[in-house]
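Data file: my_file11.cif. Format and content: mmCIF, C-alpha atoms.
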```cif
data_my_file
#
loop_
_atom_site.group_PDB
_atom_site.id
_atom_site.type_symbol
_atom_site.label_atom_id
_atom_site.label_comp_id
_atom_site.auth_asym_id
_atom_site.auth_seq_id
_atom_site.Cartn_x
_atom_site.Cartn_y
_atom_site.Cartn_z
ATOM 1 C CA MET A 10 44.753 44.303 -62.400
ATOM 2 C CA GLY A 11 43.145 45.682 -59.306
ATOM 3 C CA ASP A 12 39.787 44.359 -60.378
ATOM 4 C CA ALA A 13 41.270 40.941 -61.278
ATOM 5 C CA ASN A 14 43.086 40.683 -57.962
ATOM 6 C CA THR A 15 39.900 41.609 -56.191
ATOM 7 C CA ARG A 16 38.027 38.881 -58.037
ATOM 8 C CA ILE A 17 40.755 36.297 -57.216
ATOM 9 C CA LEU A 18 40.835 37.208 -53.523
ATOM 10 C CA ASP A 19 37.082 37.315 -53.214
ATOM 11 C CA GLY A 20 36.614 33.953 -54.991
ATOM 12 C CA PRO A 21 33.702 33.025 -57.186
ATOM 13 C CA PRO A 22 30.480 34.915 -56.669
ATOM 14 C CA THR A 23 28.176 33.296 -54.190
ATOM 15 C CA THR A 24 24.643 32.226 -55.061
ATOM 16 C CA PRO A 25 21.668 32.386 -52.727
ATOM 17 C CA PRO A 26 20.661 29.082 -51.131
ATOM 18 C CA PRO A 27 18.108 27.224 -53.219
ATOM 19 C CA LYS A 28 14.536 27.358 -52.097
ATOM 20 C CA GLY A 29 12.876 24.101 -51.165
ATOM 21 C CA GLU A 30 13.305 21.370 -48.598
ATOM 22 C CA HIS A 31 16.958 22.222 -47.787
ATOM 23 C CA ALA A 32 16.034 25.805 -47.012
ATOM 24 C CA ASP A 33 13.025 24.721 -44.974
ATOM 25 C CA ARG A 34 14.915 22.071 -42.992
ATOM 26 C CA PRO A 35 16.382 24.405 -40.315
ATOM 27 C CA VAL A 36 12.932 25.915 -39.785
ATOM 28 C CA SER A 37 11.324 22.484 -39.469
ATOM 29 C CA GLU A 38 14.035 21.265 -37.124
ATOM 30 C CA GLY A 39 13.587 24.399 -35.032
ATOM 31 C CA ARG A 40 9.875 23.782 -34.738
ATOM 32 C CA LEU A 41 10.435 20.151 -33.785
ATOM 33 C CA THR A 42 12.950 21.175 -31.131
ATOM 34 C CA ARG A 43 10.445 23.626 -29.672
ATOM 35 C CA LEU A 44 7.725 20.954 -29.613
ATOM 36 C CA ARG A 45 10.037 18.550 -27.799
ATOM 37 C CA SER A 46 11.140 21.155 -25.246
ATOM 38 C CA PRO A 47 9.157 21.393 -21.980
ATOM 39 C CA ARG A 48 6.946 24.460 -21.937
ATOM 40 C CA SER A 49 4.767 26.076 -19.314
ATOM 41 C CA PRO A 50 1.341 24.417 -19.569
ATOM 42 C CA ARG A 51 -1.656 26.649 -20.259
ATOM 43 C CA LEU A 52 -4.612 25.993 -17.970
ATOM 44 C CA TRP A 53 -7.402 26.394 -20.514
ATOM 45 C CA PHE A 54 -5.619 24.142 -23.008
ATOM 46 C CA GLU A 55 -4.958 21.424 -20.430
ATOM 47 C CA ILE A 56 -8.563 21.385 -19.209
ATOM 48 C CA LEU A 57 -9.804 21.153 -22.789
ATOM 49 C CA LEU A 58 -7.244 18.500 -23.707
ATOM 50 C CA ILE A 59 -8.030 16.285 -20.707
ATOM 51 C CA ALA A 60 -11.794 16.608 -21.235
ATOM 52 C CA VAL A 61 -11.598 15.810 -24.943
ATOM 53 C CA SER A 62 -9.111 12.991 -24.383
ATOM 54 C CA TYR A 63 -11.218 11.296 -21.722
ATOM 55 C CA TRP A 64 -14.358 11.673 -23.832
ATOM 56 C CA THR A 65 -12.527 10.126 -26.789
ATOM 57 C CA TYR A 66 -11.217 7.302 -24.592
ATOM 58 C CA SER A 67 -14.712 6.551 -23.278
ATOM 59 C CA VAL A 68 -16.272 6.606 -26.736
ATOM 60 C CA ILE A 69 -13.638 4.306 -28.249
ATOM 61 C CA ARG A 70 -13.594 1.934 -25.272
ATOM 62 C CA ASN A 71 -17.343 1.562 -25.282
ATOM 63 C CA ALA A 72 -17.480 1.333 -29.084
ATOM 64 C CA VAL A 73 -15.232 -1.735 -29.080
ATOM 65 C CA PRO A 74 -17.441 -4.755 -29.826
ATOM 66 C CA GLU A 75 -18.149 -6.517 -26.551
ATOM 67 C CA GLN A 76 -17.696 -10.000 -28.053
ATOM 68 C CA LYS A 77 -19.097 -11.648 -24.930
ATOM 69 C CA ILE A 78 -18.460 -15.227 -26.033
ATOM 70 C CA GLN A 79 -14.836 -14.555 -26.960
ATOM 71 C CA ALA A 80 -14.332 -12.506 -23.778
ATOM 72 C CA LEU A 81 -15.525 -15.415 -21.643
ATOM 73 C CA ARG A 82 -13.311 -17.842 -23.549
ATOM 74 C CA ASN A 83 -10.323 -15.599 -22.939
ATOM 75 C CA ALA A 84 -11.230 -15.378 -19.252
ATOM 76 C CA ASP A 85 -11.283 -19.184 -19.023
ATOM 77 C CA TRP A 86 -7.872 -19.311 -20.696
ATOM 78 C CA ILE A 87 -6.433 -16.688 -18.316
ATOM 79 C CA TRP A 88 -7.846 -18.552 -15.311
ATOM 80 C CA ARG A 89 -6.335 -21.851 -16.461
ATOM 81 C CA ALA A 90 -2.998 -20.146 -17.188
ATOM 82 C CA GLU A 91 -2.898 -18.679 -13.678
ATOM 83 C CA HIS A 92 -3.618 -22.106 -12.217
ATOM 84 C CA SER A 93 -0.677 -23.474 -14.219
ATOM 85 C CA LEU A 94 1.526 -20.670 -12.860
ATOM 86 C CA GLY A 95 0.316 -21.220 -9.315
ATOM 87 C CA ILE A 96 -0.989 -17.657 -8.877
ATOM 88 C CA ALA A 97 -4.745 -18.293 -9.130
ATOM 89 C CA VAL A 98 -5.657 -16.923 -5.688
ATOM 90 C CA GLU A 99 -8.236 -14.366 -6.853
ATOM 91 C CA GLN A 100 -11.228 -16.467 -5.813
ATOM 92 C CA THR A 101 -9.870 -17.085 -2.305
ATOM 93 C CA VAL A 102 -9.149 -13.377 -1.789
ATOM 94 C CA ASN A 103 -12.538 -12.418 -3.253
ATOM 95 C CA HIS A 104 -14.484 -14.663 -0.844
ATOM 96 C CA ALA A 105 -12.371 -13.694 2.161
ATOM 97 C CA VAL A 106 -12.881 -9.951 1.636
ATOM 98 C CA ASN A 107 -16.570 -10.361 0.779
ATOM 99 C CA SER A 108 -17.128 -11.894 4.215
ATOM 100 C CA VAL A 109 -16.226 -8.544 5.824
ATOM 101 C CA THR A 110 -19.011 -6.218 4.709
ATOM 102 C CA TRP A 111 -17.501 -2.880 5.724
ATOM 103 C CA LEU A 112 -14.209 -3.776 4.055
ATOM 104 C CA VAL A 113 -15.652 -4.931 0.739
ATOM 105 C CA VAL A 114 -18.025 -1.951 0.531
ATOM 106 C CA THR A 115 -15.078 0.382 1.136
ATOM 107 C CA MET A 116 -13.153 -1.387 -1.616
ATOM 108 C CA ASN A 117 -16.125 -1.093 -3.984
ATOM 109 C CA TYR A 118 -16.228 2.679 -3.593
ATOM 110 C CA TYR A 119 -12.451 2.867 -3.758
ATOM 111 C CA TYR A 120 -12.630 1.061 -7.109
ATOM 112 C CA ALA A 121 -15.448 3.273 -8.412
ATOM 113 C CA THR A 122 -14.064 6.688 -7.422
ATOM 114 C CA LEU A 123 -10.362 7.002 -6.618
ATOM 115 C CA HIS A 124 -9.377 5.852 -10.104
ATOM 116 C CA PHE A 125 -10.460 9.275 -11.371
ATOM 117 C CA ILE A 126 -10.013 11.485 -8.323
ATOM 118 C CA VAL A 127 -6.383 10.613 -7.609
ATOM 119 C CA THR A 128 -5.325 10.758 -11.266
ATOM 120 C CA ILE A 129 -6.827 14.221 -11.741
ATOM 121 C CA GLY A 130 -5.326 15.308 -8.427
ATOM 122 C CA VAL A 131 -1.819 14.257 -9.480
ATOM 123 C CA LEU A 132 -2.206 16.064 -12.817
ATOM 124 C CA VAL A 133 -3.212 19.244 -10.972
ATOM 125 C CA TRP A 134 -0.268 18.845 -8.570
ATOM 126 C CA LEU A 135 2.148 18.441 -11.483
ATOM 127 C CA TYR A 136 0.650 21.445 -13.274
ATOM 128 C CA ARG A 137 1.041 23.653 -10.215
ATOM 129 C CA TRP A 138 4.334 22.481 -8.707
ATOM 130 C CA HIS A 139 6.238 20.739 -11.519
ATOM 131 C CA PRO A 140 5.390 22.592 -14.747
ATOM 132 C CA GLY A 141 8.634 21.532 -16.441
ATOM 133 C CA ARG A 142 7.749 17.858 -15.966
ATOM 134 C CA TYR A 143 4.022 18.129 -16.543
ATOM 135 C CA ALA A 144 3.927 17.643 -20.327
ATOM 136 C CA ALA A 145 6.178 14.579 -20.280
ATOM 137 C CA ALA A 146 4.234 12.957 -17.439
ATOM 138 C CA ARG A 147 0.951 13.728 -19.150
ATOM 139 C CA LEU A 148 2.231 12.224 -22.394
ATOM 140 C CA ALA A 149 3.184 9.021 -20.554
ATOM 141 C CA LEU A 150 -0.328 8.791 -19.085
ATOM 142 C CA PHE A 151 -2.087 9.493 -22.387
ATOM 143 C CA ALA A 152 0.125 7.077 -24.311
ATOM 144 C CA THR A 153 -0.541 4.367 -21.715
ATOM 145 C CA THR A 154 -4.282 4.848 -22.131
ATOM 146 C CA ALA A 155 -4.082 4.822 -25.931
ATOM 147 C CA ILE A 156 -2.135 1.547 -25.872
ATOM 148 C CA ALA A 157 -4.771 0.086 -23.548
ATOM 149 C CA LEU A 158 -7.469 0.839 -26.117
ATOM 150 C CA ILE A 159 -5.626 -1.370 -28.585
ATOM 151 C CA GLY A 160 -5.641 -4.141 -25.994
ATOM 152 C CA TYR A 161 -9.391 -3.805 -25.462
ATOM 153 C CA TYR A 162 -9.977 -4.167 -29.183
ATOM 154 C CA LEU A 163 -7.594 -7.057 -29.814
ATOM 155 C CA TYR A 164 -8.226 -9.064 -26.647
ATOM 156 C CA PRO A 165 -11.738 -8.785 -25.174
ATOM 157 C CA LEU A 166 -11.707 -10.213 -21.676
ATOM 158 C CA ALA A 167 -14.451 -10.774 -19.119
ATOM 159 C CA PRO A 168 -13.567 -9.869 -15.537
ATOM 160 C CA PRO A 169 -13.680 -12.736 -13.028
ATOM 161 C CA ARG A 170 -16.985 -11.507 -11.542
ATOM 162 C CA LEU A 171 -18.748 -12.087 -14.893
ATOM 163 C CA MET A 172 -17.563 -15.668 -15.336
ATOM 164 C CA PRO A 173 -20.742 -17.759 -14.944
ATOM 165 C CA ASP A 174 -18.917 -20.820 -13.588
ATOM 166 C CA GLY A 175 -15.999 -19.054 -11.938
ATOM 167 C CA GLY A 176 -17.427 -19.064 -8.436
ATOM 168 C CA PHE A 177 -16.611 -15.378 -7.882
ATOM 169 C CA VAL A 178 -18.796 -12.907 -5.977
ATOM 170 C CA ASP A 179 -19.665 -9.759 -7.944
ATOM 171 C CA THR A 180 -19.178 -7.461 -4.975
ATOM 172 C CA LEU A 181 -20.177 -4.339 -6.910
ATOM 173 C CA VAL A 182 -23.621 -5.786 -7.634
ATOM 174 C CA HIS A 183 -23.997 -7.814 -4.449
ATOM 175 C CA HIS A 184 -23.494 -4.770 -2.233
ATOM 176 C CA GLY A 185 -25.169 -2.225 -4.534
ATOM 177 C CA THR A 186 -22.294 0.161 -5.189
ATOM 178 C CA TRP A 187 -23.811 3.525 -6.122
ATOM 179 C CA GLY A 188 -22.133 5.319 -9.029
ATOM 180 C CA SER A 189 -20.122 2.342 -10.267
ATOM 181 C CA MET A 190 -19.938 1.937 -14.035
ATOM 182 C CA ALA A 191 -19.911 -1.817 -13.475
ATOM 183 C CA SER A 192 -23.224 -2.155 -11.669
ATOM 184 C CA GLY A 193 -26.812 -0.989 -11.905
ATOM 185 C CA SER A 194 -28.133 0.966 -14.873
ATOM 186 C CA LEU A 195 -24.694 2.457 -15.550
ATOM 187 C CA ALA A 196 -23.331 -0.972 -16.506
ATOM 188 C CA SER A 197 -25.139 -0.777 -19.860
ATOM 189 C CA MET A 198 -23.212 2.423 -20.656
ATOM 190 C CA SER A 199 -19.768 0.855 -20.254
ATOM 191 C CA ASN A 200 -18.062 -2.033 -22.011
ATOM 192 C CA GLN A 201 -17.916 -4.731 -19.340
ATOM 193 C CA TYR A 202 -15.571 -6.937 -21.364
ATOM 194 C CA ALA A 203 -12.556 -4.629 -21.489
ATOM 195 C CA ALA A 204 -10.551 -5.988 -18.564
ATOM 196 C CA MET A 205 -7.177 -6.476 -20.288
ATOM 197 C CA PRO A 206 -5.115 -4.456 -19.592
ATOM 198 C CA SER A 207 -6.170 -3.011 -16.247
ATOM 199 C CA MET A 208 -6.075 0.775 -16.375
ATOM 200 C CA HIS A 209 -6.819 0.852 -12.663
ATOM 201 C CA ILE A 210 -3.285 -0.494 -12.334
ATOM 202 C CA GLY A 211 -1.867 1.545 -15.221
ATOM 203 C CA TRP A 212 -3.197 4.835 -13.878
ATOM 204 C CA SER A 213 -2.574 4.104 -10.176
ATOM 205 C CA LEU A 214 1.016 3.045 -10.880
ATOM 206 C CA TRP A 215 1.535 6.228 -12.926
ATOM 207 C CA CYS A 216 0.240 8.235 -9.947
ATOM 208 C CA GLY A 217 2.297 6.248 -7.457
ATOM 209 C CA LEU A 218 5.572 6.539 -9.361
ATOM 210 C CA THR A 219 5.030 10.235 -10.003
ATOM 211 C CA ILE A 220 4.419 10.956 -6.321
ATOM 212 C CA ALA A 221 7.182 8.664 -5.054
ATOM 213 C CA LEU A 222 9.791 10.162 -7.402
ATOM 214 C CA LEU A 223 8.838 13.840 -7.167
ATOM 215 C CA ALA A 224 7.328 14.421 -3.726
ATOM 216 C CA ARG A 225 9.699 15.556 -0.990
ATOM 217 C CA PRO A 226 8.052 14.463 2.293
ATOM 218 C CA LEU A 227 8.722 10.866 3.204
ATOM 219 C CA TRP A 228 5.050 10.285 4.059
ATOM 220 C CA ALA A 229 4.055 11.419 0.559
ATOM 221 C CA LYS A 230 6.548 9.036 -1.019
ATOM 222 C CA ALA A 231 5.120 6.261 1.142
ATOM 223 C CA LEU A 232 1.609 7.076 -0.090
ATOM 224 C CA GLY A 233 2.921 6.941 -3.649
ATOM 225 C CA VAL A 234 4.122 3.390 -3.076
ATOM 226 C CA LEU A 235 1.004 2.393 -1.146
ATOM 227 C CA TYR A 236 -1.591 3.631 -3.647
ATOM 228 C CA PRO A 237 -0.945 1.178 -6.536
ATOM 229 C CA THR A 238 -0.360 -1.616 -4.011
ATOM 230 C CA VAL A 239 -3.777 -1.110 -2.423
ATOM 231 C CA THR A 240 -5.338 -0.708 -5.872
ATOM 232 C CA LEU A 241 -3.970 -4.118 -6.868
ATOM 233 C CA LEU A 242 -5.535 -5.654 -3.776
ATOM 234 C CA VAL A 243 -8.842 -3.928 -4.508
ATOM 235 C CA ILE A 244 -9.161 -5.050 -8.132
ATOM 236 C CA ILE A 245 -8.466 -8.644 -7.084
ATOM 237 C CA SER A 246 -10.748 -8.584 -4.030
ATOM 238 C CA THR A 247 -13.703 -7.167 -5.963
ATOM 239 C CA ALA A 248 -13.180 -9.709 -8.803
ATOM 240 C CA ASN A 249 -12.813 -6.957 -11.372
ATOM 241 C CA HIS A 250 -9.461 -8.195 -12.695
ATOM 242 C CA PHE A 251 -7.067 -11.119 -12.829
ATOM 243 C CA TRP A 252 -3.431 -10.836 -11.781
ATOM 244 C CA LEU A 253 -2.455 -10.954 -15.465
ATOM 245 C CA ASP A 254 -4.663 -7.931 -16.214
ATOM 246 C CA ALA A 255 -2.469 -6.013 -13.791
ATOM 247 C CA VAL A 256 0.633 -7.226 -15.622
ATOM 248 C CA GLY A 257 -0.904 -5.900 -18.837
ATOM 249 C CA GLY A 258 -1.412 -2.511 -17.185
ATOM 250 C CA VAL A 259 2.234 -2.404 -16.098
ATOM 251 C CA LEU A 260 3.393 -3.215 -19.631
ATOM 252 C CA CYS A 261 1.220 -0.441 -21.091
ATOM 253 C CA LEU A 262 2.637 2.047 -18.597
ATOM 254 C CA SER A 263 6.183 0.966 -19.455
ATOM 255 C CA LEU A 264 5.534 1.676 -23.114
ATOM 256 C CA GLY A 265 3.935 5.005 -22.217
ATOM 257 C CA PHE A 266 6.984 6.117 -20.239
ATOM 258 C CA ALA A 267 9.276 4.881 -23.038
ATOM 259 C CA LEU A 268 7.406 7.055 -25.536
ATOM 260 C CA ALA A 269 7.580 10.098 -23.258
ATOM 261 C CA CYS A 270 11.291 9.499 -22.697
ATOM 262 C CA GLY A 271 11.919 9.179 -26.432
ATOM 263 C CA TRP A 272 10.059 12.412 -27.185
ATOM 264 C CA TYR A 273 11.459 14.594 -24.384
ATOM 265 C CA GLY A 274 14.861 12.933 -24.116
ATOM 266 C CA ALA A 275 14.437 11.894 -20.485
ATOM 267 C CA LEU A 276 11.926 10.417 -18.095
ATOM 268 C CA PRO A 277 9.600 13.025 -16.544
ATOM 269 C CA HIS A 278 11.229 12.997 -13.115
ATOM 270 C CA ARG A 279 14.661 13.705 -14.664
ATOM 271 C CA LEU A 280 13.520 16.892 -16.382
ATOM 272 C CA ALA A 281 13.843 20.292 -14.748
ATOM 273 C CA ARG A 282 11.095 21.139 -12.281
ATOM 274 C CA ALA A 283 10.536 24.603 -13.721
ATOM 275 C CA VAL A 284 10.570 25.750 -17.329
ATOM 276 C CA ALA A 285 13.493 27.981 -18.291
ATOM 277 C CA ALA A 286 12.538 31.481 -19.397
ATOM 278 C CA ALA A 287 14.250 30.996 -22.749
ATOM 279 C CA ALA A 288 12.101 27.948 -23.486
#
```
Write out the structure in this file as structure tokens.
Amino acid sequence: MGDANTRILDGPPTTPPPKGEHADRPVSEGRLTRLRSPRSPRLWFEILLIAVSYWTYSVIRNAVPEQKIQALRNADWIWRAEHSLGIAVEQTVNHAVNSVTWLVVTMNYYYATLHFIVTIGVLVWLYRWHPGRYAAARLALFATTAIALIGYYLYPLAPPRLMPDGGFVDTLVHHGTWGSMASGSLASMSNQYAAMPSMHIGWSLWCGLTIALLARPLWAKALGVLYPTVTLLVIISTANHFWLDAVGGVLCLSLGFALACGWYGALPHRLARAVAAAA
């Protein structure tokens, strides 16, 4: 009786959980949770990742067929569409700025250099002072760039300065901008018909929003707002982009931030500044 009572109280004998996907699920979910949790970035990995990513971006962007004829047709369509919308002021701005030599030369070098310098600088600032937000912000930037590559492939577009009958001044060539990938011997190394979307706007707006939302000094926030605004003026003045190219860059950035938010559960600026020790 004692043994029977013991068996009744204890219930049926238990069996070990079956091996297979059900047993592996908690482990897989744990790994996924760890991947989606902000972690302290490792310097060597970030340098390698950025270098490889930019090299891959350059290779893919320049490997996209130039499709010059189609790119010029698309440019004509964009130009006509902007006239219909009443926003086709690029030519007026281009000629006005080109008449002031020191200003247009400054804009040429701004276009050729700050695109890279400021973006790298903001990444370094995030890495050093906002490690808990770094991975999410970096993902937004990388996703934005990847989406742009799709745009370059699906919609080749000539910049205004390359339209033979557009009446625009190619300021980069006219004023001999040293080091620009759009002029001189370096032009043959870069796809000149990948203007839609504008990553000068995509990247500068990413930098501007990041600084404006995370920096503490008011002057720094002001610079964050000013940087993409000036960049927009520069890409129009130098005839490197249409207004609608800038809109394309904003849309790509929006999708990039949406992806980062979906993966990390919040926009970068809403995450904790530092990484918890437990993470």
>> My list of candidates is A:Cys216, A:Ile96, A:Ala269, A:Leu253. Which is closest to Val127 of chain A when distances are computed with only C-alpha atoms?
In response: A:Cys216
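Nearest to Ala105 of chain A of all the residues A:Leu52, A:Leu260, A:Ile245, A:Ala283 is A:Ile245, counting only C-alpha atoms.
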Wanna dump the segment 190-277 of chain A-segment 133-136 of chain A contacts at 10 Å for me, each residue with its shortest atom pair and the distance in Å to one decimal, counting all atoms listed in the file, ordered by chain and number, as JSON lines?
```
{"residue": "A:Thr219", "atom": "CA", "partner": "A:Leu135", "partner_atom": "CA", "distance": 8.8}
{"residue": "A:Ile220", "atom": "CA", "partner": "A:Leu135", "partner_atom": "CA", "distance": 9.4}
{"residue": "A:Leu223", "atom": "CA", "partner": "A:Leu135", "partner_atom": "CA", "distance": 9.2}
```
> Which residues fall under the PyMOL selection byres ((chain A and resi 144-161) around 8) in this file, as a ChimeraX atom specification?
Replying inline: /A:47-48,50,66,69-70,73,132,140-143,162-166,203-206,208,211-212,215,219,258,261-270,273,276-277
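The spacing separating atom CA of Asn249 of chain A from atom CA of Pro168 of chain A amounts to 5.1 Å.
Proximity to Trp138 of chain A was assessed for A:His250, A:Arg279, A:Arg225, A:His184 counting all atoms listed in the file; the smallest distance is recorded for A:Arg225.
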> Expanded to explicit residues, what is the PyMOL selection byres ((chain A and resi 110-120) around 8) for this file, as JSON, numbers by chain?
Replying inline: {"A": [106, 107, 108, 109, 121, 122, 123, 124, 180, 181, 184, 186, 189, 240, 243, 244, 246, 247]}
> For Phe251 of chain A, which residue among A:Ser213, A:Ser93, A:Gln201, A:Gln100 is the nearest when counting only C-alpha atoms?
Replying inline: A:Gln100
> atom CA of Leu241 of chain A to atom CA of His139 of chain A: how many Å, to one decimal?
Replying inline: 27.3 Å
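Interatomic distance, atom CA of Val239 of chain A against atom CA of Thr101 of chain A: 17.1 Å.
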